[in-house]
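Colleague: Provided herewith: model_2.tsv, TSV, C-alpha atoms and all ligand atoms.
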```tsv
chain	number	residue	atom	x	y	z
Q	19	MET	CA	64.93	131.23	93.31
Q	20	THR	CA	68.59	130.19	93.24
Q	21	ASN	CA	70.18	129.07	90.01
Q	22	GLN	CA	73.38	127.08	89.68
Q	23	VAL	CA	75.03	126.01	86.44
Q	24	ILE	CA	77.84	123.49	86.06
Q	25	GLN	CA	79.70	122.42	82.94
Q	26	LEU	CA	80.34	118.72	82.30
Q	27	ASN	CA	81.75	116.53	79.56
Q	28	ALA	CA	79.53	113.99	77.82
Q	29	LYS	CA	80.48	111.10	80.11
Q	30	GLN	CA	79.90	113.10	83.27
Q	31	LEU	CA	76.60	114.39	81.87
Q	32	SER	CA	75.34	110.86	81.41
Q	33	GLU	CA	76.47	109.91	84.94
Q	34	VAL	CA	74.50	112.83	86.35
Q	35	ALA	CA	71.47	111.88	84.25
Q	36	THR	CA	71.65	108.30	85.57
Q	37	TYR	CA	71.89	109.56	89.14
Q	38	TYR	CA	68.61	111.49	88.84
Q	39	ASP	CA	66.91	108.79	86.77
Q	40	THR	CA	64.28	107.97	89.41
Q	41	HIS	CA	63.15	111.62	89.42
Q	42	LYS	CA	63.12	112.01	85.66
Q	43	ILE	CA	60.52	114.24	83.99
Q	44	ILE	CA	59.88	114.99	80.34
Q	45	ARG	CA	60.95	118.44	79.19
Q	46	SER	CA	60.97	118.91	75.45
Q	47	ALA	CA	62.77	122.23	75.19
Q	48	PRO	CA	65.51	122.68	72.57
Q	49	GLY	CA	68.91	121.22	73.53
Q	50	VAL	CA	67.61	119.42	76.62
Q	51	VAL	CA	68.96	115.87	77.08
Q	52	PHE	CA	67.43	115.12	80.47
Q	53	ALA	CA	65.37	116.78	83.17
Q	54	ALA	CA	64.51	115.78	86.72
Q	55	LYS	CA	62.49	117.22	89.55
Q	56	LEU	CA	63.27	116.78	93.26
Q	57	THR	CA	61.00	118.24	95.94
Q	58	ASP	CA	63.13	121.40	96.15
Q	59	THR	CA	65.18	121.40	92.94
Q	60	SER	CA	64.64	121.21	89.19
Q	61	ILE	CA	67.54	119.83	87.19
Q	62	THR	CA	67.98	120.30	83.46
Q	63	GLY	CA	70.86	118.86	81.44
Q	64	TYR	CA	71.72	120.30	78.04
Q	65	LYS	CA	73.46	118.87	74.99
Q	66	SER	CA	76.18	121.52	75.52
Q	67	GLY	CA	77.17	119.79	78.78
Q	68	LYS	CA	75.64	122.48	80.97
Q	69	VAL	CA	73.43	121.40	83.83
Q	70	LEU	CA	71.05	123.92	85.36
Q	71	PHE	CA	69.88	123.53	88.97
Q	72	GLN	CA	66.95	125.67	90.08
Q	73	GLY	CA	65.24	126.02	93.44
Q	74	ALA	CA	65.99	125.98	97.14
Q	75	GLY	CA	68.24	122.90	96.88
Q	76	ALA	CA	70.13	124.12	93.80
Q	77	GLU	CA	73.40	124.78	95.55
Q	78	ARG	CA	73.36	121.46	97.42
Q	79	GLU	CA	72.70	119.48	94.25
Q	80	ALA	CA	75.26	121.42	92.18
Q	81	ASN	CA	77.91	120.90	94.89
Q	82	ARG	CA	77.27	117.20	94.80
Q	83	TRP	CA	78.87	117.26	91.36
Q	84	SER	CA	81.29	120.10	91.37
Q	85	SER	CA	83.70	118.63	93.87
Q	86	ASP	CA	83.60	115.07	92.55
Q	87	LEU	CA	83.61	115.48	88.83
Q	88	LEU	CA	84.68	118.86	87.69
Q	89	LYS	CA	88.28	119.12	88.75
Q	90	PRO	CA	90.32	117.72	85.88
Q	91	LYS	CA	93.07	116.62	88.31
Q	92	VAL	CA	90.68	114.16	89.87
Q	93	SER	CA	90.46	112.12	86.70
Q	94	ALA	CA	94.23	111.64	86.81
Q	95	ALA	CA	94.00	109.92	90.20
Q	96	LYS	CA	94.87	106.21	90.30
Q	97	GLY	CA	93.02	103.69	92.38
Q	98	ASP	CA	89.42	102.75	93.07
Q	99	THR	CA	86.55	104.36	91.22
Q	100	LEU	CA	84.70	106.29	93.87
Q	101	PRO	CA	80.91	106.17	94.17
Q	102	LEU	CA	78.98	109.13	92.78
Q	103	GLY	CA	78.57	111.93	95.29
Q	104	PHE	CA	81.47	110.50	97.31
Q	105	SER	CA	82.78	113.87	98.48
Q	106	GLN	CA	79.57	114.47	100.45
Q	107	THR	CA	79.55	111.13	102.30
Q	108	SER	CA	80.83	110.38	105.84
Q	109	VAL	CA	84.43	109.24	105.50
Q	110	ILE	CA	87.50	108.30	107.52
Q	111	GLY	CA	90.50	109.57	105.57
Q	112	SER	CA	94.14	108.69	106.18
Q	113	ASP	CA	97.47	109.99	104.97
Q	114	GLU	CA	101.13	109.98	105.98
Q	115	THR	CA	104.08	112.31	105.80
Q	116	GLY	CA	107.79	112.47	106.59
Q	117	THR	CA	108.61	109.51	104.39
Q	118	GLY	CA	111.00	111.44	102.14
Q	119	ASP	CA	112.63	113.46	104.91
Q	120	PHE	CA	116.02	112.36	106.25
Q	121	PHE	CA	115.48	114.16	109.55
Q	122	GLY	CA	112.43	113.55	111.67
Q	123	PRO	CA	109.71	110.94	112.07
Q	124	MET	CA	107.22	109.27	109.80
Q	125	THR	CA	103.72	110.33	110.82
Q	126	VAL	CA	100.33	108.91	109.88
Q	127	ALA	CA	96.96	110.44	110.69
Q	128	ALA	CA	93.40	109.24	110.20
Q	129	CYS	CA	90.26	111.22	110.96
Q	130	PHE	CA	86.53	110.94	110.55
Q	131	VAL	CA	84.50	113.67	108.87
Q	132	SER	CA	80.75	113.04	108.85
Q	133	SER	CA	78.68	114.41	105.99
Q	134	ASP	CA	77.26	117.14	108.22
Q	135	GLN	CA	80.77	118.28	109.22
Q	136	ILE	CA	82.07	118.71	105.66
Q	137	GLU	CA	81.05	122.34	105.36
Q	138	LEU	CA	82.51	123.23	108.75
Q	139	ILE	CA	85.82	121.56	107.96
Q	140	GLN	CA	86.02	123.42	104.67
Q	141	GLU	CA	85.26	126.67	106.47
Q	142	LEU	CA	88.11	125.99	108.90
Q	143	GLY	CA	90.36	126.30	105.86
Q	144	VAL	CA	90.97	122.70	104.84
Q	145	LYS	CA	91.63	122.27	101.17
Q	146	ASP	CA	94.08	120.18	99.27
Q	147	SER	CA	96.95	120.27	101.75
Q	148	LYS	CA	99.50	120.64	98.95
Q	149	MET	CA	98.13	124.16	98.55
Q	150	LEU	CA	98.41	124.96	102.26
Q	151	THR	CA	101.55	126.39	103.83
Q	152	ASP	CA	103.10	124.97	107.00
Q	153	PRO	CA	102.16	128.00	109.17
Q	154	LEU	CA	98.56	127.82	107.94
Q	155	MET	CA	98.39	124.11	108.71
Q	156	ARG	CA	99.73	124.70	112.22
Q	157	LYS	CA	96.91	127.21	112.69
Q	158	ILE	CA	94.16	124.93	111.41
Q	159	ALA	CA	95.24	121.71	113.16
Q	160	PRO	CA	94.07	122.60	116.70
Q	161	ASP	CA	90.57	123.40	115.36
Q	162	LEU	CA	90.47	120.07	113.53
Q	163	LYS	CA	91.47	118.22	116.69
Q	164	GLU	CA	88.71	120.04	118.54
Q	165	VAL	CA	85.91	118.89	116.24
Q	166	LEU	CA	87.05	115.61	114.68
Q	167	THR	CA	87.60	112.04	115.85
Q	168	TYR	CA	91.18	111.32	114.91
Q	169	SER	CA	94.33	109.30	115.51
Q	170	ILE	CA	97.85	110.57	114.92
Q	171	LEU	CA	100.80	108.17	115.01
Q	172	THR	CA	104.35	109.46	115.15
Q	173	LEU	CA	107.00	106.85	114.49
Q	174	GLY	CA	110.17	108.22	116.07
Q	175	ASN	CA	113.52	107.76	114.37
Q	176	GLU	CA	114.94	105.16	116.73
Q	177	LYS	CA	111.93	102.89	116.34
Q	178	TYR	CA	111.91	103.51	112.60
Q	179	ASN	CA	115.59	102.60	112.26
Q	180	LYS	CA	115.06	99.49	114.34
Q	181	VAL	CA	112.25	98.08	112.19
Q	182	GLN	CA	113.90	99.26	108.99
Q	183	SER	CA	117.08	97.36	109.86
Q	184	LYS	CA	114.92	94.27	110.45
Q	185	GLY	CA	114.11	94.52	106.76
Q	186	TRP	CA	110.76	96.28	106.85
Q	187	SER	CA	110.20	98.43	103.76
Q	188	GLN	CA	108.77	101.93	104.01
Q	189	GLY	CA	105.64	100.52	102.35
Q	190	LYS	CA	105.21	97.95	105.09
Q	191	ILE	CA	105.79	100.50	107.83
Q	192	LYS	CA	103.25	102.86	106.26
Q	193	ALA	CA	100.67	100.12	105.82
Q	194	LEU	CA	100.98	99.01	109.45
Q	195	LEU	CA	100.60	102.58	110.69
Q	196	HIS	CA	97.60	103.30	108.45
Q	197	ASN	CA	95.87	100.12	109.62
Q	198	GLN	CA	96.56	101.05	113.24
Q	199	ALA	CA	95.35	104.65	112.88
Q	200	LEU	CA	92.14	103.48	111.16
Q	201	LYS	CA	91.58	100.95	113.93
Q	202	HIS	CA	91.93	103.67	116.57
Q	203	VAL	CA	89.45	105.99	114.87
Q	204	LEU	CA	86.91	103.20	114.32
Q	205	ASN	CA	87.18	102.27	118.01
Q	206	LYS	CA	86.79	105.86	119.16
Q	207	MET	CA	83.68	106.52	117.06
Q	208	ARG	CA	81.90	103.25	117.84
Q	209	PRO	CA	79.01	102.43	117.47
Q	210	GLN	CA	78.91	104.96	114.63
Q	211	LYS	CA	80.45	103.77	111.35
Q	212	PRO	CA	81.74	105.70	108.36
Q	213	ASP	CA	80.17	105.24	104.91
Q	214	TYR	CA	83.68	104.69	103.56
Q	215	ILE	CA	87.34	104.74	104.49
Q	216	LEU	CA	89.65	106.41	101.97
Q	217	ILE	CA	93.40	105.86	102.11
Q	218	ASP	CA	95.64	108.17	100.16
Q	219	GLN	CA	97.11	105.42	98.03
Q	220	PHE	CA	100.83	104.69	98.43
Q	221	ALA	CA	100.52	101.04	97.45
Q	222	GLU	CA	97.92	99.12	95.53
Q	223	ARG	CA	95.30	97.25	97.54
Q	224	GLY	CA	96.91	93.82	97.17
Q	225	ILE	CA	100.33	95.06	98.23
Q	226	TYR	CA	98.85	97.00	101.13
Q	227	TYR	CA	97.07	93.94	102.51
Q	228	ASN	CA	100.08	91.75	101.92
Q	229	HIS	CA	102.14	94.10	104.09
Q	230	ILE	CA	99.73	93.78	107.03
Q	231	LYS	CA	98.70	90.14	106.63
Q	232	MET	CA	100.33	89.15	109.97
Q	233	GLU	CA	98.29	91.71	111.94
Q	234	LYS	CA	95.62	90.49	114.35
Q	235	GLU	CA	93.06	93.06	113.32
Q	236	ILE	CA	92.94	94.11	109.69
Q	237	ILE	CA	90.56	96.88	108.62
Q	238	ARG	CA	88.87	95.92	105.34
Q	239	GLU	CA	85.26	97.09	105.41
Q	240	ASN	CA	84.38	99.80	102.87
Q	241	ILE	CA	88.02	100.73	102.27
Q	242	LEU	CA	88.85	102.62	99.11
Q	243	PHE	CA	92.29	103.53	97.80
Q	244	SER	CA	93.09	106.47	95.58
Q	245	THR	CA	96.03	108.68	94.79
Q	246	LYS	CA	95.40	112.41	95.21
Q	247	ALA	CA	92.80	111.43	97.77
Q	248	GLU	CA	93.12	114.77	99.55
Q	249	GLN	CA	91.29	116.23	96.56
Q	250	LEU	CA	88.54	113.62	96.71
Q	251	HIS	CA	87.33	114.00	100.28
Q	252	VAL	CA	87.96	116.63	102.91
Q	253	ALA	CA	88.62	113.85	105.48
Q	254	VAL	CA	91.87	112.95	103.71
Q	255	ALA	CA	92.84	116.61	103.37
Q	256	ALA	CA	92.25	117.01	107.13
Q	257	ALA	CA	94.24	113.84	107.91
Q	258	SER	CA	97.06	115.10	105.76
Q	259	ILE	CA	97.17	118.36	107.75
Q	260	LEU	CA	97.17	116.49	111.08
Q	261	ALA	CA	100.02	114.25	109.91
Q	262	ARG	CA	102.01	117.19	108.60
Q	263	VAL	CA	101.62	119.23	111.77
Q	264	ALA	CA	102.66	116.25	113.92
Q	265	PHE	CA	105.75	115.97	111.73
Q	266	LEU	CA	106.50	119.69	112.06
Q	267	GLU	CA	106.09	119.59	115.83
Q	268	GLU	CA	108.48	116.68	116.16
Q	269	MET	CA	110.93	118.52	113.87
Q	270	ASP	CA	110.70	121.53	116.23
Q	271	ARG	CA	111.48	119.32	119.20
Q	272	LEU	CA	114.40	117.59	117.45
Q	273	SER	CA	115.79	120.92	116.21
Q	274	LEU	CA	115.76	122.29	119.74
Q	275	ASN	CA	117.52	119.19	120.97
Q	276	ALA	CA	120.12	119.22	118.18
Q	277	GLY	CA	120.74	122.96	118.59
Q	278	VAL	CA	120.19	123.61	114.88
Q	279	THR	CA	117.14	124.02	112.67
Q	280	LEU	CA	116.80	120.69	110.91
Q	281	PRO	CA	116.03	121.05	107.20
Q	282	LYS	CA	113.24	119.06	105.55
Q	283	GLY	CA	113.68	116.79	102.57
Q	284	ALA	CA	116.81	114.91	101.58
Q	285	GLY	CA	118.84	117.41	99.56
Q	286	SER	CA	122.38	118.76	99.89
Q	287	LYS	CA	121.41	121.21	102.65
Q	288	VAL	CA	120.43	118.16	104.67
Q	289	ASP	CA	123.86	116.56	104.08
Q	290	GLU	CA	125.62	119.67	105.33
Q	291	VAL	CA	123.58	120.02	108.48
Q	292	ALA	CA	123.98	116.28	109.14
Q	293	ALA	CA	127.78	116.63	108.76
Q	294	LYS	CA	127.80	119.47	111.30
Q	295	ILE	CA	125.83	117.33	113.73
Q	296	ILE	CA	128.28	114.43	113.34
Q	297	LEU	CA	131.12	116.82	114.13
Q	298	SER	CA	129.42	118.31	117.17
Q	299	LYS	CA	127.49	115.36	118.60
Q	300	GLY	CA	128.70	112.25	116.84
Q	301	GLU	CA	127.35	109.72	114.39
Q	302	ASP	CA	125.33	107.79	116.96
Q	303	TYR	CA	123.42	110.91	117.94
Q	304	LEU	CA	122.69	111.66	114.29
Q	305	SER	CA	121.04	108.28	113.85
Q	306	THR	CA	118.60	109.06	116.69
Q	307	ILE	CA	117.09	111.93	114.70
Q	308	THR	CA	117.29	110.61	111.14
Q	309	LYS	CA	116.15	107.84	108.86
Q	310	LYS	CA	119.55	106.26	108.95
Q	311	HIS	CA	119.30	104.14	105.78
Q	312	PHE	CA	118.91	107.19	103.52
Q	313	ALA	CA	121.90	107.97	101.28
Q	314	ASN	CA	122.30	111.23	103.25
Q	315	THR	CA	124.10	109.35	106.04
Q	316	GLY	CA	126.91	108.35	103.69
Q	317	LYS	CA	127.05	111.77	102.07
Q	318	ALA	CA	127.31	113.48	105.45
Q	319	LEU	CA	130.10	111.11	106.51
Q	320	ALA	CA	131.97	111.90	103.29
Q	321	ILE	CA	131.75	115.63	104.06
Q	322	VAL	CA	133.05	114.96	107.59
Q	323	ASN	CA	135.98	112.86	106.32
Q	324	LYS	CA	136.92	115.52	103.82
Q	325	LYS	CA	136.94	118.17	106.57
Q	326	ARG	CA	138.99	115.97	108.90
Q	327	ASN	CA	141.56	115.28	106.19
Q	328	ASN	CA	142.00	118.95	105.38
A	401	MG	MG	99.86	110.71	100.86
```
Taking this structure as input, can you express it in the form of structure tokens?

Modeller:
Amino acid sequence: MTNQVIQLNAKQLSEVATYYDTHKIIRSAPGVVFAAKLTDTSITGYKSGKVLFQGAGAEREANRWSSDLLKPKVSAAKGDTLPLGFSQTSVIGSDETGTGDFFGPMTVAACFVSSDQIELIQELGVKDSKMLTDPLMRKIAPDLKEVLTYSILTLGNEKYNKVQSKGWSQGKIKALLHNQALKHVLNKMRPQKPDYILIDQFAERGIYYNHIKMEKEIIRENILFSTKAEQLHVAVAAASILARVAFLEEMDRLSLNAGVTLPKGAGSKVDEVAAKIILSKGEDYLSTITKKHFANTGKALAIVNKKRNN
């Protein structure tokens, strides 16, 4: 018989007890606060916060809780309260990247992970993408594309600069791309539907929907928003990898074209490389590979002027 033990705080313990309420049994052993019996698992909760799972389904039941409740970081997430057992449901996740990088595109990805794919996706190496390195993500992404229904949108710099100069905020651009990526995935997987959609929250619900209110088709059904969403469901972690790899691939292409490895981010290294590009290829060319409105444009021009005056 398999045994699994998890440690919970008082609030979590009572949530777990409520969840198994319909299978409750009486067990009057010392320290026991609740007990339940499923067909293949016995569950015993103790005053200490420990919950013991015994039987063939012990691991499955224990996992139901470990990923949702036990990571302290999860409680720091802002946004919707997720349903119990959320991490084991069938979810479309979406996330974006490239928003803070002067060079390169903004990318958004959405993908569907059904409950029976969760284990496989985890085995492919998907965890919180903030813990994954770029080379590792490049390795995992093709496998994810092979098994998942997904949509990846890459907003190139020229298009980005065009809509940005029309007055669109980054928030609006992101919201439009998320809505579009979700729409694509829902269309591709039809008639199947996800239990939920989880967006890695960059704006609160009201602001998000305000941004996309002019769109013809607005995805609203079963949408949840949360920060740190990549820790809450593997579908968001997978989406985050797909978005990141699309960004990296476009950076490769742009670097090749520019004849220099383009740095990520928006720091002083970025200013220097941008200045070199202005000197070799001109300011107009620079704007075709950057998010022009960033302060880096001005900083690079200042470096160029200084050089020219010396
Ligand atoms: Mg995000």

Colleague: Find the residues of chain Q that sit at most 9 Å from ligand MG 401 (chain A); for each, write down the nearest two atoms and how far apart they are in Å, to one decimal. Count all atoms listed in the file. Sort by chain, then by number going up, and give it as a Markdown table.

Modeller:
```
| residue | atom | partner | partner_atom | distance |
| --- | --- | --- | --- | --- |
| Q:Ser112 | CA | A:MG401 | MG | 8.1 |
| Q:Asp113 | CA | A:MG401 | MG | 4.8 |
| Q:Glu114 | CA | A:MG401 | MG | 5.3 |
| Q:Thr115 | CA | A:MG401 | MG | 6.7 |
| Q:Ile217 | CA | A:MG401 | MG | 8.2 |
| Q:Asp218 | CA | A:MG401 | MG | 5.0 |
| Q:Gln219 | CA | A:MG401 | MG | 6.6 |
| Q:Phe220 | CA | A:MG401 | MG | 6.6 |
| Q:Thr245 | CA | A:MG401 | MG | 7.5 |
| Q:Lys246 | CA | A:MG401 | MG | 7.4 |
| Q:Ala247 | CA | A:MG401 | MG | 7.7 |
| Q:Glu248 | CA | A:MG401 | MG | 8.0 |
| Q:Val254 | CA | A:MG401 | MG | 8.8 |
| Q:Ser258 | CA | A:MG401 | MG | 7.1 |
```

Colleague: In Å, with one decimal, what is the gap from CA of Gln106 in chain Q to CA of Thr62 in chain Q?

Modeller: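 Going from CA of Gln106 in chain Q over to CA of Thr62 in chain Q, I get 21.4 Å.
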
Colleague: So how far away is CA of Pro209 in chain Q from CA of Ile170 in chain Q, in Å?

Modeller: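 Computing the Euclidean distance for CA of Ile170 in chain Q and CA of Pro209 in chain Q yields 20.7 Å.
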
Colleague: Nearest to Arg156 in chain Q among Q:Ala261, Q:Ile44, Q:Val322, Q:Ile236, with distances taken over all atoms listed in the file: which residue is it?

Modeller: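 Smallest distance to Arg156 in chain Q is found for Q:Ala261.
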
Colleague: Which residues come within 6 Å of Asp289 in chain Q, counting only C-alpha atoms, excluding same-chain residues fewer than 3 positions away, as a VMD selection string?

Modeller: chain Q and resid 286 292 314 318

Colleague: Nearest to Phe243 in chain Q among Q:Phe52, Q:Trp186, Q:Tyr214, Q:Phe120, with distances taken over all atoms listed in the file: which residue is it?

Modeller: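 Once distances to Phe243 in chain Q are computed over all atoms listed in the file, the minimum belongs to Q:Tyr214.
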
Colleague: Report, in Å to a single decimal, how far apart CA of Asn197 in chain Q and CA of Ala264 in chain Q are.

Modeller: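 Value for the CA of Ala264 in chain Q-CA of Asn197 in chain Q distance: 18.0 Å.
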
Colleague: Under the rule that only C-alpha atoms are counted, which of Q:Ile43, Q:Met269, Q:Val50, Q:Ala35 is the nearest residue to Lys282 in chain Q?

Modeller: Q:Met269
